[in-house]
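Structure data (compact mmCIF, C-alpha atoms and all ligand atoms) from work_38.txt:
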```
# COMPACT_ATOMS: atom_id res chain seq x y z
CA MET A 275 45.41 72.93 0.58
CA LYS A 276 46.33 72.99 -3.11
CA ILE A 277 49.49 70.96 -3.59
CA GLY A 278 51.48 70.75 -6.82
CA ILE A 279 53.89 67.86 -7.31
CA ILE A 280 56.87 68.37 -9.64
CA GLY A 281 57.83 64.97 -11.04
CA ALA A 282 55.49 62.10 -11.73
CA GLY A 283 57.11 58.86 -10.59
CA ASN A 284 56.52 56.44 -7.72
CA VAL A 285 56.91 59.03 -4.98
CA ALA A 286 54.67 61.55 -6.72
CA LYS A 287 51.90 58.99 -7.09
CA ALA A 288 52.19 57.73 -3.50
CA LEU A 289 52.11 61.24 -2.07
CA ALA A 290 49.30 62.36 -4.36
CA LYS A 291 47.14 59.45 -3.25
CA GLY A 292 47.77 60.03 0.45
CA LEU A 293 47.31 63.79 0.21
CA ILE A 294 44.00 63.44 -1.61
CA GLN A 295 42.83 60.93 1.01
CA THR A 296 43.61 63.48 3.72
CA GLY A 297 41.60 66.23 2.02
CA HIS A 298 44.09 68.10 -0.15
CA GLU A 299 43.72 69.03 -3.79
CA VAL A 300 46.65 67.72 -5.81
CA GLN A 301 47.97 68.12 -9.33
CA ILE A 302 50.94 66.13 -10.59
CA GLY A 303 53.32 67.92 -12.95
CA ALA A 304 54.97 65.70 -15.55
CA ARG A 305 57.31 66.53 -18.41
CA ASP A 306 55.34 63.98 -20.43
CA THR A 307 51.72 63.98 -19.25
CA SER A 308 50.81 61.12 -21.61
CA LYS A 309 52.69 58.74 -19.26
CA LEU A 310 50.02 59.27 -16.60
CA MET A 311 46.99 58.96 -18.85
CA SER A 312 45.91 55.69 -17.22
CA TRP A 313 46.59 57.00 -13.71
CA THR A 314 43.44 58.87 -12.70
CA ILE A 315 43.82 59.49 -8.96
CA ALA A 316 45.08 63.06 -9.47
CA PRO A 317 45.08 65.26 -12.57
CA SER A 318 48.36 65.17 -14.44
CA VAL A 319 49.39 68.51 -15.87
CA THR A 320 52.54 70.20 -17.13
CA LEU A 321 55.31 71.05 -14.70
CA LYS A 322 54.41 74.72 -15.00
CA GLU A 323 50.70 74.12 -14.41
CA ALA A 324 51.48 72.11 -11.27
CA ALA A 325 53.78 74.87 -10.00
CA GLN A 326 51.08 77.45 -10.69
CA PHE A 327 48.43 75.34 -8.96
CA GLY A 328 50.24 74.52 -5.75
CA GLN A 329 50.22 76.69 -2.66
CA ILE A 330 52.69 74.07 -1.49
CA LEU A 331 55.01 72.36 -3.99
CA ILE A 332 56.63 68.95 -3.67
CA LEU A 333 59.85 68.36 -5.58
CA ALA A 334 59.90 64.69 -6.60
CA PRO A 335 62.04 64.20 -9.70
CA ASN A 336 65.27 62.26 -9.75
CA PHE A 337 67.88 64.48 -8.13
CA ALA A 338 69.87 64.71 -11.37
CA GLY A 339 66.82 66.29 -13.02
CA VAL A 340 65.84 68.67 -10.25
CA GLU A 341 67.33 71.87 -11.67
CA ASP A 342 65.93 71.16 -15.11
CA ALA A 343 62.51 70.40 -13.61
CA ILE A 344 62.50 73.69 -11.68
CA GLN A 345 63.53 75.62 -14.80
CA SER A 346 60.81 73.91 -16.85
CA ALA A 347 58.22 74.66 -14.19
CA ASP A 348 59.40 78.30 -13.89
CA PRO A 349 61.33 79.21 -10.72
CA THR A 350 59.27 82.37 -10.20
CA LEU A 351 56.29 80.12 -9.41
CA PHE A 352 58.21 78.75 -6.40
CA VAL A 353 58.77 82.13 -4.75
CA ASP A 354 57.50 82.46 -1.16
CA LYS A 355 56.07 78.93 -1.22
CA VAL A 356 56.77 75.95 1.03
CA ILE A 357 58.77 73.47 -1.05
CA ILE A 358 58.91 69.89 0.20
CA ASP A 359 62.10 68.26 -1.02
CA VAL A 360 61.89 64.47 -1.13
CA THR A 361 64.91 63.91 -3.36
CA ASN A 362 67.93 61.79 -2.57
CA PRO A 363 71.15 62.32 -4.55
CA ILE A 364 71.61 58.60 -5.09
CA ALA A 365 73.42 56.93 -7.97
CA ILE A 366 74.78 53.47 -8.68
CA GLU A 367 78.56 53.31 -9.04
CA ASN A 368 80.35 50.02 -9.73
CA GLY A 369 77.12 48.20 -8.97
CA LYS A 370 76.66 49.84 -5.57
CA PHE A 371 74.39 52.61 -4.34
CA THR A 372 76.16 55.81 -3.40
CA LEU A 373 75.44 59.49 -2.75
CA THR A 374 76.60 61.87 -5.48
CA ILE A 375 76.92 64.71 -2.96
CA GLY A 376 77.16 64.57 0.80
CA THR A 377 78.94 65.39 4.05
CA ASN A 378 79.61 69.01 3.15
CA ASP A 379 76.56 69.63 0.94
CA SER A 380 73.19 68.04 0.25
CA ALA A 381 70.30 67.98 -2.18
CA GLY A 382 68.28 70.00 0.31
CA GLU A 383 70.87 72.78 0.43
CA TYR A 384 71.37 72.69 -3.33
CA ILE A 385 67.62 73.14 -3.86
CA GLN A 386 67.47 75.95 -1.29
CA ARG A 387 70.29 77.67 -3.22
CA LEU A 388 68.38 77.21 -6.49
CA LEU A 389 65.27 78.69 -4.82
CA PRO A 390 66.61 81.32 -2.42
CA ASN A 391 63.21 82.97 -2.00
CA SER A 392 61.36 79.73 -1.21
CA HIS A 393 61.06 77.80 2.04
CA VAL A 394 62.58 74.38 1.40
CA VAL A 395 61.79 71.60 3.86
CA LYS A 396 63.45 68.21 3.55
CA ALA A 397 60.93 65.49 4.33
CA PHE A 398 59.80 62.00 3.32
CA ASN A 399 63.27 61.11 1.97
CA THR A 400 64.15 58.54 4.64
CA VAL A 401 61.36 56.10 3.79
CA GLY A 402 60.23 54.29 0.67
CA ALA A 403 57.29 55.54 -1.36
CA ALA A 404 55.03 52.80 0.00
CA LEU A 405 55.48 54.04 3.57
CA MET A 406 55.34 57.78 3.00
CA THR A 407 51.67 58.20 3.82
CA GLN A 408 51.25 54.92 5.72
CA PRO A 409 53.71 54.85 8.61
CA GLU A 410 51.60 52.29 10.45
CA ILE A 411 53.14 49.59 8.24
CA VAL A 412 56.31 49.72 10.31
CA GLY A 413 54.67 51.05 13.47
CA GLY A 414 55.89 53.95 15.57
CA ALA A 415 58.52 55.25 13.16
CA ASP A 416 59.71 58.87 12.97
CA MET A 417 59.76 61.28 10.07
CA PHE A 418 62.73 63.62 10.11
CA ILE A 419 62.58 67.09 8.64
CA ALA A 420 65.05 69.93 8.10
CA GLY A 421 64.56 73.48 6.87
CA ASN A 422 65.31 77.10 7.64
CA SER A 423 61.75 78.35 8.07
CA GLU A 424 59.91 77.41 11.25
CA ILE A 425 56.60 78.40 9.66
CA ALA A 426 57.24 76.15 6.66
CA LYS A 427 58.26 73.27 8.94
CA ASN A 428 55.05 73.74 10.94
CA THR A 429 53.05 73.46 7.71
CA VAL A 430 54.88 70.29 6.69
CA THR A 431 54.58 68.88 10.21
CA THR A 432 50.80 69.25 10.07
CA ILE A 433 50.73 67.26 6.82
CA LEU A 434 53.05 64.58 8.22
CA GLN A 435 51.04 64.24 11.42
CA SER A 436 47.85 63.81 9.40
CA PHE A 437 49.47 60.67 7.96
CA GLY A 438 50.36 59.48 11.47
CA TRP A 439 54.06 60.35 11.59
CA ARG A 440 55.83 61.49 14.73
CA VAL A 441 57.95 64.37 13.43
CA ARG A 442 61.55 65.00 14.42
CA ASP A 443 62.85 68.43 13.42
CA LEU A 444 66.64 68.40 12.96
CA GLY A 445 67.00 72.15 12.44
CA GLY A 446 68.25 74.04 9.37
CA ILE A 447 68.32 72.78 5.81
CA GLU A 448 72.03 71.88 6.16
CA ASN A 449 70.88 68.89 8.20
CA SER A 450 69.63 67.39 4.93
CA ARG A 451 73.23 66.09 4.72
CA TRP A 452 72.48 63.60 7.49
CA LEU A 453 68.96 62.76 6.32
CA GLU A 454 70.26 61.90 2.87
CA ALA A 455 73.08 59.82 4.37
CA LEU A 456 70.55 58.05 6.61
CA VAL A 457 68.88 56.69 3.49
CA MET A 458 72.03 54.70 2.79
CA VAL A 459 71.57 52.89 6.11
CA GLY A 460 68.12 51.77 5.05
CA ILE A 461 69.35 50.72 1.62
CA ALA A 462 72.34 48.78 2.97
CA TYR A 463 70.24 46.99 5.58
CA GLY A 464 67.45 46.31 3.11
CA MET A 465 69.83 44.80 0.57
CA LYS A 466 71.71 42.64 3.04
CA HIS A 467 68.58 41.31 4.76
CA GLN A 468 66.14 41.41 1.83
CA VAL A 469 63.90 43.85 3.72
CA GLN A 470 61.67 45.87 1.45
CA HIS A 471 60.37 48.44 3.92
CA ASN A 472 62.19 50.09 6.77
CA ALA A 473 62.00 53.35 8.67
CA PHE A 474 63.86 54.95 11.55
CA GLN A 475 62.95 55.74 15.11
CA LEU A 476 64.93 58.09 17.34
CA LYS A 477 65.00 57.17 21.01
CA THR A 478 65.84 59.89 23.49
CA ALA A 479 66.82 59.48 27.14
N1 LIG A 501 61.14 55.62 -4.57
C1 LIG A 501 61.30 55.81 -3.28
O1 LIG A 501 60.90 54.94 -2.48
C2 LIG A 501 61.94 57.08 -2.78
C3 LIG A 501 61.99 57.29 -1.39
C4 LIG A 501 62.52 58.48 -0.91
C5 LIG A 501 63.00 59.44 -1.78
N2 LIG A 501 62.97 59.19 -3.13
C6 LIG A 501 63.46 60.24 -4.03
O2 LIG A 501 62.31 60.80 -4.65
C7 LIG A 501 62.63 61.18 -6.00
C8 LIG A 501 61.66 60.47 -6.95
O3 LIG A 501 61.79 59.07 -6.80
P1 LIG A 501 60.83 58.08 -7.60
O4 LIG A 501 61.05 56.75 -7.02
O5 LIG A 501 59.48 58.65 -7.69
O6 LIG A 501 61.52 58.13 -9.02
P2 LIG A 501 60.89 57.67 -10.42
O7 LIG A 501 59.74 56.75 -10.21
O8 LIG A 501 62.03 57.24 -11.25
O9 LIG A 501 60.28 59.03 -11.01
C9 LIG A 501 61.12 60.12 -11.25
C10 LIG A 501 60.28 61.19 -11.91
O10 LIG A 501 61.12 62.31 -12.13
C11 LIG A 501 60.87 62.79 -13.43
N3 LIG A 501 62.01 63.54 -13.94
C12 LIG A 501 63.28 63.13 -14.07
N4 LIG A 501 64.02 64.13 -14.60
C13 LIG A 501 63.17 65.16 -14.82
C14 LIG A 501 63.30 66.45 -15.36
N5 LIG A 501 64.50 66.89 -15.79
N6 LIG A 501 62.22 67.25 -15.45
C15 LIG A 501 61.03 66.81 -15.00
N7 LIG A 501 60.80 65.59 -14.47
C16 LIG A 501 61.87 64.78 -14.39
C17 LIG A 501 60.61 61.53 -14.25
O11 LIG A 501 59.99 61.89 -15.46
P3 LIG A 501 59.99 60.88 -16.72
O12 LIG A 501 59.01 59.79 -16.37
O13 LIG A 501 59.54 61.75 -17.82
O14 LIG A 501 61.38 60.37 -16.87
C18 LIG A 501 59.72 60.77 -13.29
O15 LIG A 501 58.40 61.24 -13.38
C19 LIG A 501 64.08 60.80 -6.20
O16 LIG A 501 64.88 61.92 -5.98
C20 LIG A 501 64.34 59.74 -5.15
O17 LIG A 501 65.68 59.69 -4.76
C21 LIG A 501 62.44 58.04 -3.63
```

For this file, produce the structure as C-alpha cells.
Amino acid sequence: MKIGIIGAGNVAKALAKGLIQTGHEVQIGARDTSKLMSWTIAPSVTLKEAAQFGQILILAPNFAGVEDAIQSADPTLFVDKVIIDVTNPIAIENGKFTLTIGTNDSAGEYIQRLLPNSHVVKAFNTVGAALMTQPEIVGGADMFIAGNSEIAKNTVTTILQSFGWRVRDLGGIENSRWLEALVMVGIAYGMKHQVQHNAFQLKTA
C-alpha cells in the first residue's frame, strides 16, 4: 500500500524502513525536508505531499505538534483514511517523565476529535522505535491497538502481523488512555533497571 508518514523523526524512519522491507511504498512528510537529505531509504516530502500520497497515514510528530502538523498537511487529505497514531503525550516535568493528558482523555481520542471523518487506530506507541518493526528482539511480545473502526483495525493488524506482532485489540479509541499510560511502565522500568528495550505481553487464562 501507499503509506504517508507525518513527522520525520526516529519513529518515522524506523517505520518507513520496516514498511518498505515488507513491500509498501512510503513517503515521509517533514516540515523541513532538508533535514532528511542524507536519509535515502524513503523519499522525504512536504507534510502535504505525504498526506496526499498515503492511502494510509501514520501520525508521528511529537504530540505537542500534532494539531499543527495536521493543519500543515491539510486535514481534508485525512478524510476517510486509516490514520495510525503512534504519539504519546509525554513531557518532562521536574526532571521526570509524565503524561500531559490521561485517565479521562488521550492523544488517540484527541486526534480522533481533530479528524472526525478519519479512522484513527492507536498502535506502535507501547514500544520503542527500534522494536516497532522487529518484535523478535524481545520475543513473543504483544502489540496493542485501539480504534473505533473494525475495518481500520483489520488493516493495521495485517501490517502489524507482517512484522511478526501478535495483536491485542483493546476496543474503541478511548482505550488509548491505557495504552499511553502503559508506556510509563516501560519508561519507569527502563530507567530504574537501565533497560533500553522492553515490550509487553498479555497472558490470558
Ligand atoms: N521514540 C520512540 O521510541 C517512540 C516510541 C513510541 C511512541 N513514540 C511517539 O512517537 C512520536 C515521535 O517520536 P520520535 O521519537 O520520532 O520523535 P522525534 O525523533 O523527536 O521526531 C519528532 C518529529 O516530529 C516533527 N514535528 C514536531 N512538531 C511538528 C509540527 N508542528 N509539524 C510537523 N512536524 C513536527 C519533528 O520535526 P522537526 O525535526 O522539524 O522538529 C520531528 O520530525 C512522539 O509522539 C512519541 O511520543 C516514540

All residues 7 Å or closer to Gly421 in chain A, all atoms listed in the file, same chain fewer than 2 positions away omitted, as a CSV table (one decimal) with C-alpha atoms, keeping the file's coordinate frame:
```csv
chain,number,residue,atom,x,y,z
A,394,VAL,CA,62.6,74.4,1.4
A,395,VAL,CA,61.8,71.6,3.9
A,396,LYS,CA,63.4,68.2,3.6
A,419,ILE,CA,62.6,67.1,8.6
A,423,SER,CA,61.8,78.4,8.1
A,427,LYS,CA,58.3,73.3,8.9
A,445,GLY,CA,67.0,72.2,12.4
A,446,GLY,CA,68.2,74.0,9.4
A,447,ILE,CA,68.3,72.8,5.8
```

(request) May I ask you to write as an NGL selection string all residues lying at most 6 Å from ligand LIG 501 (chain A), with all atoms listed in the file counted? (result) :A and (281-286 or 304-306 or 334-337 or 339-340 or 342-343 or 360-362 or 399-403)

(message) Using all atoms listed in the file and a cutoff of 7 Å, can you tell me which residues are near (59.3, 55.4, 20.7) in the file's coordinates, and write them out as a list of chain:residue names?
(response)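 Within 7 Å of (59.3, 55.4, 20.7), the protein and nucleic acid residues are A:Gly414, A:Gln475, A:Lys477.
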
(request) Could you check how far CA of Thr372 in chain A sits from CA of Glu454 in chain A, in Å to one decimal? (result) 10.5 Å

(request) Point out the residue among A:Leu476, A:Val441, A:Ile279, A:Met458 with the least atom-to-atom distance to Ala365 in chain A, counting only C-alpha atoms. (result) A:Met458

(message) Every residue with an atom at most 10 Å from (59.0, 54.7, 14.9) (file coordinates; only C-alpha atoms) is what I'm after, so could you write them as a ChimeraX atom specification?
(response) /A:409-410,412-417,439-441,472-477

(request) Find the residue from A:Thr307, A:Val356, A:Thr296, A:Ala381 that sits nearest to Ala338 in chain A; use all atoms listed in the file when measuring. (result)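 Distance minimum relative to Ala338 in chain A lands on A:Ala381.
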
(request) Provide the CA of Gln326 in chain A to CA of Thr407 in chain A distance in Å, to one decimal place. (result) 24.1 Å

Would you mind putting all heavy atoms back on range 450-461 of chain A and writing the result as an mmCIF file, in the frame of the given file?
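Output contents, as saved in selection-v6.cif:
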```cif
data_model
loop_
_atom_site.group_PDB
_atom_site.id
_atom_site.type_symbol
_atom_site.label_atom_id
_atom_site.label_comp_id
_atom_site.auth_asym_id
_atom_site.auth_seq_id
_atom_site.Cartn_x
_atom_site.Cartn_y
_atom_site.Cartn_z
ATOM 1 N N SER A 450 69.959 68.335 6.017
ATOM 2 C CA SER A 450 69.630 67.390 4.930
ATOM 3 C C SER A 450 70.813 66.458 4.668
ATOM 4 O O SER A 450 70.629 65.336 4.203
ATOM 5 C CB SER A 450 69.324 68.147 3.633
ATOM 6 O OG SER A 450 68.250 69.013 3.805
ATOM 7 N N ARG A 451 72.028 66.938 4.931
ATOM 8 C CA ARG A 451 73.230 66.090 4.720
ATOM 9 C C ARG A 451 73.077 64.759 5.453
ATOM 10 O O ARG A 451 73.474 63.721 4.938
ATOM 11 C CB ARG A 451 74.469 66.803 5.292
ATOM 12 C CG ARG A 451 74.790 68.086 4.596
ATOM 13 C CD ARG A 451 75.888 68.845 5.313
ATOM 14 N NE ARG A 451 75.979 70.204 4.783
ATOM 15 C CZ ARG A 451 76.911 71.070 5.105
ATOM 16 N NH1 ARG A 451 77.853 70.741 5.962
ATOM 17 N NH2 ARG A 451 76.909 72.274 4.567
ATOM 18 N N TRP A 452 72.551 64.824 6.664
ATOM 19 C CA TRP A 452 72.480 63.600 7.490
ATOM 20 C C TRP A 452 71.236 62.797 7.136
ATOM 21 O O TRP A 452 71.245 61.570 7.218
ATOM 22 C CB TRP A 452 72.545 63.979 8.967
ATOM 23 C CG TRP A 452 73.500 65.116 9.190
ATOM 24 C CD1 TRP A 452 73.243 66.300 9.811
ATOM 25 C CD2 TRP A 452 74.870 65.203 8.743
ATOM 26 N NE1 TRP A 452 74.352 67.108 9.779
ATOM 27 C CE2 TRP A 452 75.357 66.475 9.128
ATOM 28 C CE3 TRP A 452 75.729 64.350 8.041
ATOM 29 C CZ2 TRP A 452 76.652 66.902 8.836
ATOM 30 C CZ3 TRP A 452 77.022 64.771 7.751
ATOM 31 C CH2 TRP A 452 77.472 66.023 8.158
ATOM 32 N N LEU A 453 70.172 63.490 6.732
ATOM 33 C CA LEU A 453 68.960 62.760 6.320
ATOM 34 C C LEU A 453 69.208 61.997 5.028
ATOM 35 O O LEU A 453 68.700 60.884 4.842
ATOM 36 C CB LEU A 453 67.790 63.722 6.149
ATOM 37 C CG LEU A 453 67.305 64.358 7.445
ATOM 38 C CD1 LEU A 453 66.058 65.189 7.208
ATOM 39 C CD2 LEU A 453 67.011 63.271 8.465
ATOM 40 N N GLU A 454 69.976 62.593 4.127
ATOM 41 C CA GLU A 454 70.260 61.900 2.870
ATOM 42 C C GLU A 454 71.226 60.736 3.109
ATOM 43 O O GLU A 454 71.102 59.683 2.475
ATOM 44 C CB GLU A 454 70.773 62.904 1.834
ATOM 45 C CG GLU A 454 69.661 63.885 1.435
ATOM 46 C CD GLU A 454 70.117 65.160 0.769
ATOM 47 O OE1 GLU A 454 71.253 65.207 0.258
ATOM 48 O OE2 GLU A 454 69.324 66.129 0.749
ATOM 49 N N ALA A 455 72.167 60.922 4.036
ATOM 50 C CA ALA A 455 73.080 59.820 4.370
ATOM 51 C C ALA A 455 72.329 58.681 5.070
ATOM 52 O O ALA A 455 72.637 57.500 4.874
ATOM 53 C CB ALA A 455 74.214 60.337 5.255
ATOM 54 N N LEU A 456 71.321 59.060 5.877
ATOM 55 C CA LEU A 456 70.550 58.050 6.610
ATOM 56 C C LEU A 456 69.884 57.053 5.654
ATOM 57 O O LEU A 456 69.735 55.869 5.968
ATOM 58 C CB LEU A 456 69.494 58.761 7.464
ATOM 59 C CG LEU A 456 68.745 57.960 8.515
ATOM 60 C CD1 LEU A 456 69.701 57.302 9.499
ATOM 61 C CD2 LEU A 456 67.768 58.873 9.259
ATOM 62 N N VAL A 457 69.517 57.563 4.487
ATOM 63 C CA VAL A 457 68.880 56.690 3.490
ATOM 64 C C VAL A 457 69.788 55.515 3.147
ATOM 65 O O VAL A 457 69.325 54.398 2.904
ATOM 66 C CB VAL A 457 68.574 57.507 2.218
ATOM 67 C CG1 VAL A 457 68.132 56.624 1.086
ATOM 68 C CG2 VAL A 457 67.521 58.550 2.526
ATOM 69 N N MET A 458 71.094 55.771 3.144
ATOM 70 C CA MET A 458 72.030 54.700 2.790
ATOM 71 C C MET A 458 72.020 53.585 3.825
ATOM 72 O O MET A 458 72.279 52.426 3.499
ATOM 73 C CB MET A 458 73.455 55.270 2.637
ATOM 74 C CG MET A 458 73.571 56.372 1.597
ATOM 75 S SD MET A 458 72.960 55.902 -0.032
ATOM 76 C CE MET A 458 74.199 54.725 -0.528
ATOM 77 N N VAL A 459 71.694 53.923 5.073
ATOM 78 C CA VAL A 459 71.570 52.890 6.110
ATOM 79 C C VAL A 459 70.411 51.963 5.773
ATOM 80 O O VAL A 459 70.527 50.728 5.825
ATOM 81 C CB VAL A 459 71.357 53.536 7.508
ATOM 82 C CG1 VAL A 459 71.159 52.464 8.570
ATOM 83 C CG2 VAL A 459 72.517 54.446 7.863
ATOM 84 N N GLY A 460 69.290 52.581 5.411
ATOM 85 C CA GLY A 460 68.120 51.770 5.050
ATOM 86 C C GLY A 460 68.377 50.907 3.828
ATOM 87 O O GLY A 460 67.962 49.732 3.783
ATOM 88 N N ILE A 461 69.071 51.485 2.843
ATOM 89 C CA ILE A 461 69.350 50.720 1.620
ATOM 90 C C ILE A 461 70.298 49.556 1.924
ATOM 91 O O ILE A 461 70.066 48.420 1.502
ATOM 92 C CB ILE A 461 69.946 51.648 0.530
ATOM 93 C CG1 ILE A 461 68.865 52.600 0.011
ATOM 94 C CG2 ILE A 461 70.553 50.827 -0.613
ATOM 95 C CD1 ILE A 461 69.365 53.631 -0.969
#
```
